[in-house]
Amino acid sequence: MNQKISLIAALLLLTASMGCFTVQSRADFIATAVEQTMQARSADLVSPATAIPQAAPVILAPTATEVQTETQSSDPCYQALLISETVPDDTSFTAGESFTKSWVLRNTGSCTWDKNYRLVFASGDQMGGPAYVHLDQSVAPGGQAKFEVQLQAPSKSGTYTGYWRMKANNGVLFARIFVKINVNQTSTPAKKATAKPVFAVTGVDVSYSQDSNGDCPVDLTVTTEITTNGPGLVELEWDSMDTMLCNFGNDGMGKDYLTFGGAGTKSVSNTCSGLNKGTFEVVFILHAEESGFSTFGPQQYEIDCTPIP
């Protein structure tokens with residue numbers, strides 16, 4: 001009986017010893033895992049951060065800026081309109097070939113161009129052209145001037161553009177026109193087509209006819225002759241003739257329309273009745289397709305009659 005009890009006690013002691021060994025092993029395992037984790041985190045903290053590659057700075061080459069030393073102005077005194085030109089854009093020439101470029105400009109400003117005005121080379125490719133071309137006569141507002149420059153195609157193939165500007169006698173620059181060509185060293189130059197002129201009014205003439213009765217009031221007939229450079233439509237909008245005294249406008253709305261089948265001259269007459277001695281003023285606005293608006297006048301006519309007592 002005692003031996004049986006001793007055996008049971010021995011078994012219990014052995015079991016308890018094994019339980020303690022198992023618990024100790026798990027504790028060691030957990031402690032080891034914690035220590036490894038902490039070491040890994042420490043390694044992360046002390047290791048250098050991965051460098052983020054930076055884009056290399058882009059250095060931009062400076063762009064060319066045209067330096068303009070002369071005065072430039074938007075003054076209505078200095079205005080011009082291109083009417084026609086020769087040598088259309090992108091005309092082809094062989095290297096070294098000479099040619100003549102011309103432009104016709106209208107003075108659409110309020111000041112007269114005198115002989116000290118000039119067309120000057122401004123920028124781009126000069127192509128052997130002169131520094132400037134003088135006017136050979138004065139050009140009043142509404143008038144036109146033709147400029148010609150002798151040029152030469154450069155020696156290398158490519159596209160070339162030269163810019164020209166009007167320059168007033170006081171140095172003011174206005175308007176800008178250009179010549180643009182292609183140069184081919186081997187092929188025969190393309191046939192140069194004649195540029196079609198922009199439809200425009202090239203002449204205006206106003207005449208007056210007063211009735212023969214010498215007493216006031218009188219009737220006055222105003223005849224306007226318009227000359228154009230080709231086919232198109234011209235509109236005349238009367239601006240200063242008294243609507244109560246003058247019968248003008250073939251459209252019933254105070255405007256006259258002249259249709260041209262080609263270059264030529266057409267006229268339209270308007271009669272003003274009941275006018276007394278004094279100054280009669282005419283102003284009207286012309287509108288030609290493509291070339292835009294222009295103003296004629298003011299032009300004055302002195303009515304000569306004897307007032308009735």
# chains A, B, ... in the order shown; residues from 1 in each chain; ligands from 1
$ select_by_dssp --residues "segment 73-205 of chain A" --states "strand (DSSP E)" --output "ChimeraX atom specification"
/A:80-85,91-93,98-107,118-124,132-134,144-152,158-167,173-183,201-205
$ atom_distance --atom1 "atom CA of Ser155 of chain A" --atom2 "atom CA of Thr94 of chain A"
8.3 Å
$ closest_residue --among "A:Gln126, A:Gln152, A:Thr112, A:Asn213" --to "Ser138 of chain A" --atoms "only C-alpha atoms"
A:Thr112
$ closest_residue --among "A:Leu82, A:Cys216, A:Ala95, A:Ile177" --to "Gly278 of chain A" --atoms "only C-alpha atoms"
A:Cys216
$ residues_around --residues "Thr100 of chain A" --least-positions-apart "3" --cutoff "9 Å" --atoms "only C-alpha atoms" --output "NGL selection string"
:A and (86-87 or 148-152)
$ closest_residue --among "A:Gly143, A:Gly109, A:Gly171, A:Gly162" --to "Gly128 of chain A" --atoms "only C-alpha atoms"
A:Gly162
$ closest_residue --among "A:Pro309, A:Pro154, A:Gly232, A:Gly124" --to "Ser92 of chain A" --atoms "only C-alpha atoms"
A:Pro154
$ closest_residue --among "A:Val234, A:Val222, A:Ala131, A:Ala288" --to "Gln300 of chain A" --atoms "only C-alpha atoms"
A:Val222
$ closest_residue --among "A:Phe284, A:Phe178, A:Phe260, A:Phe93" --to "Ala200 of chain A" --atoms "only C-alpha atoms"
A:Phe260
$ residues_around --residues "Leu275 of chain A" --least-positions-apart "2" --cutoff "9 Å" --atoms "only C-alpha atoms" --output "JSON list (two decimals) with N, CA and C atoms, in the first residue's frame"
[["chain", "number", "residue", "atom", "x", "y", "z"],
["A", 216, "CYS", "N", -32.65, 132.98, -102.98],
["A", 216, "CYS", "CA", -32.74, 131.93, -101.96],
["A", 216, "CYS", "C", -34.22, 131.65, -101.67],
["A", 217, "PRO", "N", -34.57, 130.43, -101.30],
["A", 217, "PRO", "CA", -33.69, 129.25, -101.20],
["A", 217, "PRO", "C", -33.42, 128.63, -102.56],
["A", 218, "VAL", "N", -32.41, 127.76, -102.63],
["A", 218, "VAL", "CA", -32.02, 127.13, -103.89],
["A", 218, "VAL", "C", -31.99, 125.62, -103.72],
["A", 219, "ASP", "N", -31.93, 124.95, -104.87],
["A", 219, "ASP", "CA", -31.73, 123.49, -104.88],
["A", 219, "ASP", "C", -30.28, 123.21, -105.27],
["A", 220, "LEU", "N", -29.69, 122.23, -104.61],
["A", 220, "LEU", "CA", -28.29, 121.88, -104.87],
["A", 220, "LEU", "C", -28.21, 120.38, -105.13],
["A", 245, "LEU", "N", -33.75, 118.17, -95.83],
["A", 245, "LEU", "CA", -33.57, 118.96, -97.04],
["A", 245, "LEU", "C", -33.03, 118.15, -98.20],
["A", 272, "CYS", "N", -30.59, 118.36, -102.75],
["A", 272, "CYS", "CA", -30.97, 119.02, -101.51],
["A", 272, "CYS", "C", -31.74, 120.29, -101.86],
["A", 273, "SER", "N", -32.93, 120.47, -101.30],
["A", 273, "SER", "CA", -33.81, 121.58, -101.65],
["A", 273, "SER", "C", -33.96, 122.55, -100.49],
["A", 277, "LYS", "N", -28.32, 130.91, -98.40],
["A", 277, "LYS", "CA", -26.94, 131.34, -98.59],
["A", 277, "LYS", "C", -26.10, 130.92, -97.38],
["A", 278, "GLY", "N", -24.91, 130.41, -97.65],
["A", 278, "GLY", "CA", -24.04, 129.97, -96.57],
["A", 278, "GLY", "C", -23.23, 128.75, -96.96],
["A", 280, "PHE", "N", -22.42, 124.80, -97.14],
["A", 280, "PHE", "CA", -23.03, 123.47, -97.16],
["A", 280, "PHE", "C", -21.90, 122.45, -97.05],
["A", 303, "ILE", "N", -22.89, 128.21, -100.86],
["A", 303, "ILE", "CA", -24.11, 128.47, -101.64],
["A", 303, "ILE", "C", -24.21, 129.98, -101.87]]
$ residues_around --residues "Thr223 of chain A" --least-positions-apart "3" --cutoff "8 Å" --atoms "only C-alpha atoms" --output "count of residues only"
7
$ atom_distance --atom1 "atom CA of Met127 of chain A" --atom2 "atom CA of Met166 of chain A"
18.5 Å
$ residues_around --residues "Trp164 of chain A" --least-positions-apart "5" --cutoff "8 Å" --atoms "only C-alpha atoms" --output "VMD selection string"
chain A and resid 119 to 123 176 to 178
$ atom_distance --atom1 "atom CA of Val133 of chain A" --atom2 "atom CA of Ala263 of chain A"
28.7 Å
